[in-house]
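Read through the structure below, which is laid out as structure tokens, and then see the notes.
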Amino acid sequence: MNIILLGPPGAGKGTQAQILVDSRDMIQLSTGDMLREAKDSGTEMGNKVAEVMARGDLVTDDIVIGLIREKLQGDKKGGFIFDGFPRTLAQADALADLLAEQGETLDAVIEMRVDDDTLVKRIVGRAEEARAAGQPVRADDNEDSVRHRLMEYYKKTAPLIGYYHAKRQLESVDGLGTIDEVKAEIAAVLDR
Ligand code: AMP
């Protein structure tokens with residue numbers, strides 16, 4: 001089963017993806033994590049995207065589609081969880097093509113709904129916690145970047161909600177509950 005977790009930054013996509021990895025042997029494909037790895041390893045692509053990411057802008061479709069293409073060719077285990085991808089309509093079309101090439105289908109798109117103020121509080125809180133614990137803090141987890149990331153989400157990614165709704169693939173869950181409550185809502189969708 002292959003699914004997309006769709007939602008604004010701070011909605012809890014990464015947390016829920018990790019739960020699905022552990023409970024269903026699925027594979028999490030987070031383009032944000034892949035881009036951060038590339039940035040930390042100082043590859044040419046990593047250097048190119050570092051500034052874009054710190055500002056909270058989207059990196060180019062070609063780069064992220066290339067990253068996903070590579071991963072789809074590997075072991076598929078219990079299926080893929082696309083986390084933070086696709087973020088544009090062009091990426092959504094590319095994903096449909098890539099899955100078709102692999103003989104795979106997209107089984108559900110789960111939209112996680114959370115209001116903006118909660119998102120900003122969660123992300124800024126995540127940065128403060130990391131800082132207090134002496135852990136690395138994401139360069140884009142400050143209020144300015146978060147507001148910019150939200151604007152990018154509404155302009156470029158939110159249209160995917162209508163796109164997948166029209167394809168009858170969209171399921172929405174309330175992302176405001178506890179981790180366990182959201183987990184249960186997602187499980188109900190997947191086990192239907
Ligand atoms: P995330 O960890 O998903 O919040 O992503 C962090 C940052 O990585 C985003 O703000 C973008 O700059 C970049 N990024 C991650 N995924 C994508 C994507 N699918 N398309 C474009 N940019 C992305």
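Following the order of the structure tokens, chains are lettered A, B, ..., residues in each are numbered from 1, and ligands are numbered from 1.
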Would you mind listing, for every residue of chain A within 8 Å of ligand 1, the two atoms forming the shortest contact and the distance between them in Å to one decimal, using only C-alpha atoms and all ligand atoms, sorted by chain and ascending residue number, as CSV?
```
residue,atom,partner,partner_atom_place_in_ligand_line,distance
A:Pro9,CA,ligand 1,4 (O),5.3
A:Gly10,CA,ligand 1,4 (O),7.5
A:Ser30,CA,ligand 1,3 (O),6.5
A:Thr31,CA,ligand 1,16 (N),4.4
A:Gly32,CA,ligand 1,2 (O),3.5
A:Asp33,CA,ligand 1,2 (O),5.8
A:Leu35,CA,ligand 1,8 (O),6.2
A:Arg36,CA,ligand 1,8 (O),7.3
A:Val49,CA,ligand 1,12 (O),7.6
A:Val52,CA,ligand 1,12 (O),5.9
A:Met53,CA,ligand 1,12 (O),3.6
A:Ala54,CA,ligand 1,12 (O),7.0
A:Arg55,CA,ligand 1,12 (O),7.4
A:Gly56,CA,ligand 1,10 (O),4.5
A:Asp57,CA,ligand 1,12 (O),4.8
A:Leu58,CA,ligand 1,22 (N),3.7
A:Val59,CA,ligand 1,22 (N),4.1
A:Thr60,CA,ligand 1,21 (C),5.9
A:Asp61,CA,ligand 1,20 (N),6.0
A:Val64,CA,ligand 1,19 (N),5.7
A:Ile65,CA,ligand 1,19 (N),7.7
A:Asp83,CA,ligand 1,3 (O),6.8
A:Gly84,CA,ligand 1,3 (O),4.4
A:Phe85,CA,ligand 1,19 (N),4.0
A:Pro86,CA,ligand 1,19 (N),4.9
A:Arg87,CA,ligand 1,19 (N),4.7
A:Thr88,CA,ligand 1,20 (N),7.0
A:Gln91,CA,ligand 1,19 (N),7.2
A:Asp140,CA,ligand 1,10 (O),7.2
A:Arg149,CA,ligand 1,10 (O),5.7
```
Could you list, with a cut-off of 10 Å and counting only C-alpha atoms, the residues of segment 38-91 of chain A near segment 107-118 of chain A, each shown with its nearest atom pair and the distance in Å rounded to one decimal, rows sorted by chain and ascending number, as CSV?
```
residue,atom,partner,partner_atom,distance
A:Gly79,CA,A:Asp107,CA,9.9
A:Ile81,CA,A:Val109,CA,9.7
A:Phe82,CA,A:Val109,CA,9.2
```
- Message: Quick one: residues within 8 Å of Asp25 of chain A, only C-alpha atoms, excluding same-chain residues fewer than 4 positions away - as a list in words?
- Response: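 Within the cut-off, the hits are Leu20, Val21, Lys77, Gly78 and Gly79 of chain A.
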- Query: Which of these residues is nearest to Gly12 of chain A, using only C-alpha atoms: A:Val173, A:Met34, A:Leu99, A:Met26?
  - Reply: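 Closest to Gly12 of chain A of all the choices is A:Val173.
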- Among chain A, which residues carry a DSSP assignment of strand (DSSP E), reported as a PyMOL selection string? chain A and resi 3-6+27-30+80-83+108-113+170-174
Take the residues from that selection and write them out as a PDB file, in the first residue's frame, keeping N, CA, C and O atoms.
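Full text of selection26.pdb as output:
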```
ATOM      1  N   ILE A   3       0.982   5.436   0.209  1.00  0.00           N
ATOM      2  CA  ILE A   3       0.143   6.565   0.630  1.00  0.00           C
ATOM      3  C   ILE A   3       0.936   7.874   0.667  1.00  0.00           C
ATOM      4  O   ILE A   3       2.165   7.863   0.799  1.00  0.00           O
ATOM      5  N   ILE A   4       0.189   8.950   0.584  1.00  0.00           N
ATOM      6  CA  ILE A   4       0.785  10.279   0.763  1.00  0.00           C
ATOM      7  C   ILE A   4       0.251  10.840   2.078  1.00  0.00           C
ATOM      8  O   ILE A   4      -0.955  10.761   2.336  1.00  0.00           O
ATOM      9  N   LEU A   5       1.142  11.404   2.882  1.00  0.00           N
ATOM     10  CA  LEU A   5       0.701  12.216   4.020  1.00  0.00           C
ATOM     11  C   LEU A   5       0.822  13.662   3.579  1.00  0.00           C
ATOM     12  O   LEU A   5       1.922  14.144   3.283  1.00  0.00           O
ATOM     13  N   LEU A   6      -0.311  14.325   3.507  1.00  0.00           N
ATOM     14  CA  LEU A   6      -0.357  15.682   2.973  1.00  0.00           C
ATOM     15  C   LEU A   6      -0.754  16.639   4.096  1.00  0.00           C
ATOM     16  O   LEU A   6      -1.697  16.363   4.833  1.00  0.00           O
ATOM     17  N   ILE A  27       7.880   2.115   4.173  1.00  0.00           N
ATOM     18  CA  ILE A  27       9.104   2.896   3.975  1.00  0.00           C
ATOM     19  C   ILE A  27       8.747   4.371   3.896  1.00  0.00           C
ATOM     20  O   ILE A  27       7.923   4.766   3.074  1.00  0.00           O
ATOM     21  N   GLN A  28       9.354   5.170   4.778  1.00  0.00           N
ATOM     22  CA  GLN A  28       9.082   6.609   4.786  1.00  0.00           C
ATOM     23  C   GLN A  28       9.976   7.293   3.755  1.00  0.00           C
ATOM     24  O   GLN A  28      11.193   7.145   3.799  1.00  0.00           O
ATOM     25  N   LEU A  29       9.372   8.007   2.845  1.00  0.00           N
ATOM     26  CA  LEU A  29      10.158   8.793   1.894  1.00  0.00           C
ATOM     27  C   LEU A  29       9.892  10.270   2.162  1.00  0.00           C
ATOM     28  O   LEU A  29       8.893  10.830   1.705  1.00  0.00           O
ATOM     29  N   SER A  30      10.771  10.870   2.939  1.00  0.00           N
ATOM     30  CA  SER A  30      10.636  12.290   3.276  1.00  0.00           C
ATOM     31  C   SER A  30      11.644  13.075   2.451  1.00  0.00           C
ATOM     32  O   SER A  30      12.857  12.939   2.655  1.00  0.00           O
ATOM     33  N   PHE A  80       5.157   2.479   0.340  1.00  0.00           N
ATOM     34  CA  PHE A  80       5.802   3.777   0.571  1.00  0.00           C
ATOM     35  C   PHE A  80       4.860   4.768   1.242  1.00  0.00           C
ATOM     36  O   PHE A  80       3.669   4.817   0.941  1.00  0.00           O
ATOM     37  N   ILE A  81       5.447   5.555   2.130  1.00  0.00           N
ATOM     38  CA  ILE A  81       4.736   6.702   2.706  1.00  0.00           C
ATOM     39  C   ILE A  81       5.437   7.936   2.163  1.00  0.00           C
ATOM     40  O   ILE A  81       6.608   8.184   2.480  1.00  0.00           O
ATOM     41  N   PHE A  82       4.749   8.694   1.362  1.00  0.00           N
ATOM     42  CA  PHE A  82       5.334   9.934   0.846  1.00  0.00           C
ATOM     43  C   PHE A  82       5.043  11.039   1.860  1.00  0.00           C
ATOM     44  O   PHE A  82       3.885  11.344   2.137  1.00  0.00           O
ATOM     45  N   ASP A  83       6.110  11.583   2.409  1.00  0.00           N
ATOM     46  CA  ASP A  83       6.007  12.551   3.509  1.00  0.00           C
ATOM     47  C   ASP A  83       6.665  13.853   3.052  1.00  0.00           C
ATOM     48  O   ASP A  83       7.875  13.916   2.892  1.00  0.00           O
ATOM     49  N   ALA A 108      -3.949   5.882  -1.051  1.00  0.00           N
ATOM     50  CA  ALA A 108      -4.685   6.907  -0.293  1.00  0.00           C
ATOM     51  C   ALA A 108      -3.825   8.151  -0.136  1.00  0.00           C
ATOM     52  O   ALA A 108      -2.598   8.073  -0.094  1.00  0.00           O
ATOM     53  N   VAL A 109      -4.504   9.275  -0.079  1.00  0.00           N
ATOM     54  CA  VAL A 109      -3.849  10.546   0.223  1.00  0.00           C
ATOM     55  C   VAL A 109      -4.501  11.041   1.504  1.00  0.00           C
ATOM     56  O   VAL A 109      -5.712  11.272   1.527  1.00  0.00           O
ATOM     57  N   ILE A 110      -3.711  11.119   2.557  1.00  0.00           N
ATOM     58  CA  ILE A 110      -4.283  11.486   3.849  1.00  0.00           C
ATOM     59  C   ILE A 110      -3.894  12.913   4.194  1.00  0.00           C
ATOM     60  O   ILE A 110      -2.720  13.223   4.408  1.00  0.00           O
ATOM     61  N   GLU A 111      -4.897  13.757   4.192  1.00  0.00           N
ATOM     62  CA  GLU A 111      -4.669  15.162   4.532  1.00  0.00           C
ATOM     63  C   GLU A 111      -4.774  15.315   6.044  1.00  0.00           C
ATOM     64  O   GLU A 111      -5.751  14.892   6.655  1.00  0.00           O
ATOM     65  N   MET A 112      -3.749  15.932   6.649  1.00  0.00           N
ATOM     66  CA  MET A 112      -3.769  16.158   8.094  1.00  0.00           C
ATOM     67  C   MET A 112      -4.079  17.637   8.331  1.00  0.00           C
ATOM     68  O   MET A 112      -3.296  18.501   7.976  1.00  0.00           O
ATOM     69  N   ARG A 113      -5.245  17.894   8.906  1.00  0.00           N
ATOM     70  CA  ARG A 113      -5.698  19.283   9.073  1.00  0.00           C
ATOM     71  C   ARG A 113      -5.325  19.840  10.442  1.00  0.00           C
ATOM     72  O   ARG A 113      -5.624  19.229  11.469  1.00  0.00           O
ATOM     73  N   LEU A 170      -8.701  11.417  -1.799  1.00  0.00           N
ATOM     74  CA  LEU A 170      -8.423  12.211  -0.606  1.00  0.00           C
ATOM     75  C   LEU A 170      -9.210  11.735   0.616  1.00  0.00           C
ATOM     76  O   LEU A 170     -10.408  11.491   0.544  1.00  0.00           O
ATOM     77  N   GLU A 171      -8.483  11.607   1.726  1.00  0.00           N
ATOM     78  CA  GLU A 171      -9.096  11.319   3.027  1.00  0.00           C
ATOM     79  C   GLU A 171      -8.557  12.378   3.979  1.00  0.00           C
ATOM     80  O   GLU A 171      -7.369  12.682   3.942  1.00  0.00           O
ATOM     81  N   SER A 172      -9.417  12.929   4.827  1.00  0.00           N
ATOM     82  CA  SER A 172      -8.931  13.951   5.753  1.00  0.00           C
ATOM     83  C   SER A 172      -9.005  13.464   7.183  1.00  0.00           C
ATOM     84  O   SER A 172      -9.966  12.803   7.562  1.00  0.00           O
ATOM     85  N   VAL A 173      -7.974  13.769   7.955  1.00  0.00           N
ATOM     86  CA  VAL A 173      -8.014  13.463   9.389  1.00  0.00           C
ATOM     87  C   VAL A 173      -7.738  14.755  10.157  1.00  0.00           C
ATOM     88  O   VAL A 173      -7.105  15.678   9.651  1.00  0.00           O
ATOM     89  N   ASP A 174      -8.224  14.772  11.404  1.00  0.00           N
ATOM     90  CA  ASP A 174      -8.014  15.928  12.267  1.00  0.00           C
ATOM     91  C   ASP A 174      -6.618  15.787  12.884  1.00  0.00           C
ATOM     92  O   ASP A 174      -6.367  14.875  13.666  1.00  0.00           O
TER      93      ASP A 174
END
```
- Item | Sel. of alpha helix (DSSP H) residues, segment 34-134 of chain A, as an NGL selection string | :A and (34-40 or 44-55 or 61-72 or 89-101 or 116-132)
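We find atom CA of Asp97 of chain A and atom CA of Pro8 of chain A to be spaced 24.2 Å apart.
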- Message: For Leu98 of chain A, find every residue with an atom within 12 Å (counting only C-alpha atoms), except residues of its own chain fewer than 2 positions away, and show them as number ranges by chain.
- Response: A: 65-73, 91-96, 100-106
I need the chosen residues saved as a PDB file, in the first residue's frame, with N, CA and C atoms.
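Once everything was written out, this is part-v1.pdb:
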```
ATOM      1  N   ILE A  65      11.962  15.353  -7.524  1.00  0.00           N
ATOM      2  CA  ILE A  65      11.466  14.215  -8.315  1.00  0.00           C
ATOM      3  C   ILE A  65      12.610  13.220  -8.538  1.00  0.00           C
ATOM      4  N   GLY A  66      13.797  13.750  -8.781  1.00  0.00           N
ATOM      5  CA  GLY A  66      14.978  12.887  -8.953  1.00  0.00           C
ATOM      6  C   GLY A  66      15.255  12.062  -7.704  1.00  0.00           C
ATOM      7  N   LEU A  67      15.115  12.695  -6.539  1.00  0.00           N
ATOM      8  CA  LEU A  67      15.366  11.978  -5.278  1.00  0.00           C
ATOM      9  C   LEU A  67      14.368  10.844  -5.104  1.00  0.00           C
ATOM     10  N   ILE A  68      13.105  11.134  -5.399  1.00  0.00           N
ATOM     11  CA  ILE A  68      12.058  10.119  -5.226  1.00  0.00           C
ATOM     12  C   ILE A  68      12.232   8.988  -6.247  1.00  0.00           C
ATOM     13  N   ARG A  69      12.587   9.353  -7.475  1.00  0.00           N
ATOM     14  CA  ARG A  69      12.748   8.340  -8.520  1.00  0.00           C
ATOM     15  C   ARG A  69      13.738   7.267  -8.079  1.00  0.00           C
ATOM     16  N   GLU A  70      14.848   7.713  -7.500  1.00  0.00           N
ATOM     17  CA  GLU A  70      15.884   6.773  -7.039  1.00  0.00           C
ATOM     18  C   GLU A  70      15.338   5.800  -6.007  1.00  0.00           C
ATOM     19  N   LYS A  71      14.566   6.341  -5.057  1.00  0.00           N
ATOM     20  CA  LYS A  71      14.094   5.513  -3.934  1.00  0.00           C
ATOM     21  C   LYS A  71      13.039   4.507  -4.370  1.00  0.00           C
ATOM     22  N   LEU A  72      12.265   4.838  -5.396  1.00  0.00           N
ATOM     23  CA  LEU A  72      11.187   3.935  -5.806  1.00  0.00           C
ATOM     24  C   LEU A  72      11.721   2.654  -6.432  1.00  0.00           C
ATOM     25  N   GLN A  73      12.974   2.710  -6.840  1.00  0.00           N
ATOM     26  CA  GLN A  73      13.526   1.523  -7.494  1.00  0.00           C
ATOM     27  C   GLN A  73      14.007   0.482  -6.498  1.00  0.00           C
ATOM     28  N   GLN A  91       4.827  17.910  -9.262  1.00  0.00           N
ATOM     29  CA  GLN A  91       5.359  16.749  -8.529  1.00  0.00           C
ATOM     30  C   GLN A  91       4.310  15.643  -8.427  1.00  0.00           C
ATOM     31  N   ALA A  92       3.045  16.040  -8.261  1.00  0.00           N
ATOM     32  CA  ALA A  92       1.979  15.038  -8.165  1.00  0.00           C
ATOM     33  C   ALA A  92       1.848  14.263  -9.473  1.00  0.00           C
ATOM     34  N   ASP A  93       1.932  14.970 -10.597  1.00  0.00           N
ATOM     35  CA  ASP A  93       1.865  14.292 -11.897  1.00  0.00           C
ATOM     36  C   ASP A  93       3.065  13.374 -12.082  1.00  0.00           C
ATOM     37  N   ALA A  94       4.242  13.864 -11.681  1.00  0.00           N
ATOM     38  CA  ALA A  94       5.454  13.047 -11.823  1.00  0.00           C
ATOM     39  C   ALA A  94       5.339  11.788 -10.974  1.00  0.00           C
ATOM     40  N   LEU A  95       4.776  11.936  -9.770  1.00  0.00           N
ATOM     41  CA  LEU A  95       4.640  10.762  -8.902  1.00  0.00           C
ATOM     42  C   LEU A  95       3.718   9.724  -9.546  1.00  0.00           C
ATOM     43  N   ALA A  96       2.626  10.188 -10.136  1.00  0.00           N
ATOM     44  CA  ALA A  96       1.703   9.251 -10.790  1.00  0.00           C
ATOM     45  C   ALA A  96       2.446   8.466 -11.872  1.00  0.00           C
ATOM     46  N   ALA A 100       3.347   4.426 -11.857  1.00  0.00           N
ATOM     47  CA  ALA A 100       2.865   3.605 -12.972  1.00  0.00           C
ATOM     48  C   ALA A 100       4.028   2.822 -13.599  1.00  0.00           C
ATOM     49  N   GLU A 101       5.174   3.493 -13.745  1.00  0.00           N
ATOM     50  CA  GLU A 101       6.364   2.818 -14.311  1.00  0.00           C
ATOM     51  C   GLU A 101       6.764   1.597 -13.487  1.00  0.00           C
ATOM     52  N   GLN A 102       6.540   1.690 -12.167  1.00  0.00           N
ATOM     53  CA  GLN A 102       6.918   0.596 -11.265  1.00  0.00           C
ATOM     54  C   GLN A 102       5.789  -0.414 -11.105  1.00  0.00           C
ATOM     55  N   GLY A 103       4.681  -0.191 -11.797  1.00  0.00           N
ATOM     56  CA  GLY A 103       3.527  -1.081 -11.651  1.00  0.00           C
ATOM     57  C   GLY A 103       2.853  -0.917 -10.295  1.00  0.00           C
ATOM     58  N   GLU A 104       3.043   0.252  -9.684  1.00  0.00           N
ATOM     59  CA  GLU A 104       2.488   0.502  -8.348  1.00  0.00           C
ATOM     60  C   GLU A 104       1.283   1.434  -8.439  1.00  0.00           C
ATOM     61  N   THR A 105       0.471   1.433  -7.371  1.00  0.00           N
ATOM     62  CA  THR A 105      -0.665   2.352  -7.335  1.00  0.00           C
ATOM     63  C   THR A 105      -0.544   3.263  -6.121  1.00  0.00           C
ATOM     64  N   LEU A 106      -1.294   4.342  -6.160  1.00  0.00           N
ATOM     65  CA  LEU A 106      -1.390   5.225  -4.999  1.00  0.00           C
ATOM     66  C   LEU A 106      -2.706   4.879  -4.316  1.00  0.00           C
TER      67      LEU A 106
END
```
- Contacts of Ser23 of chain A at 12 Å (only C-alpha atoms; same-chain gap of 5+ positions) as a list of chain:residue names: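 Answer for this query is A:Gln16, A:Ala17, A:Gln18, A:Gly78, A:Lys183, A:Ala187.
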- Mind checking which residues fall within 7 Å of Val124 of chain A, counting only C-alpha atoms, ignoring those fewer than 5 positions away in the same chain, and posting them as a ChimeraX atom specification? /A:141-143
- Message: Between atom CA of Met1 of chain A and atom CA of Gly14 of chain A, what distance in Å does the model show, to one decimal?
- Response: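 About the pair atom CA of Met1 of chain A and atom CA of Gly14 of chain A: they are 17.7 Å apart.
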- Message: I'd like the interatomic distance between atom CA of Leu150 of chain A and atom CA of Ile123 of chain A, to a tenth of an Å.
- Response: 11.4 Å
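The nearest approach to Glu37 of chain A among the residues A:Thr178, A:Ala50, A:Asp62, A:Asp75, with only C-alpha atoms taken into account, belongs to A:Ala50.
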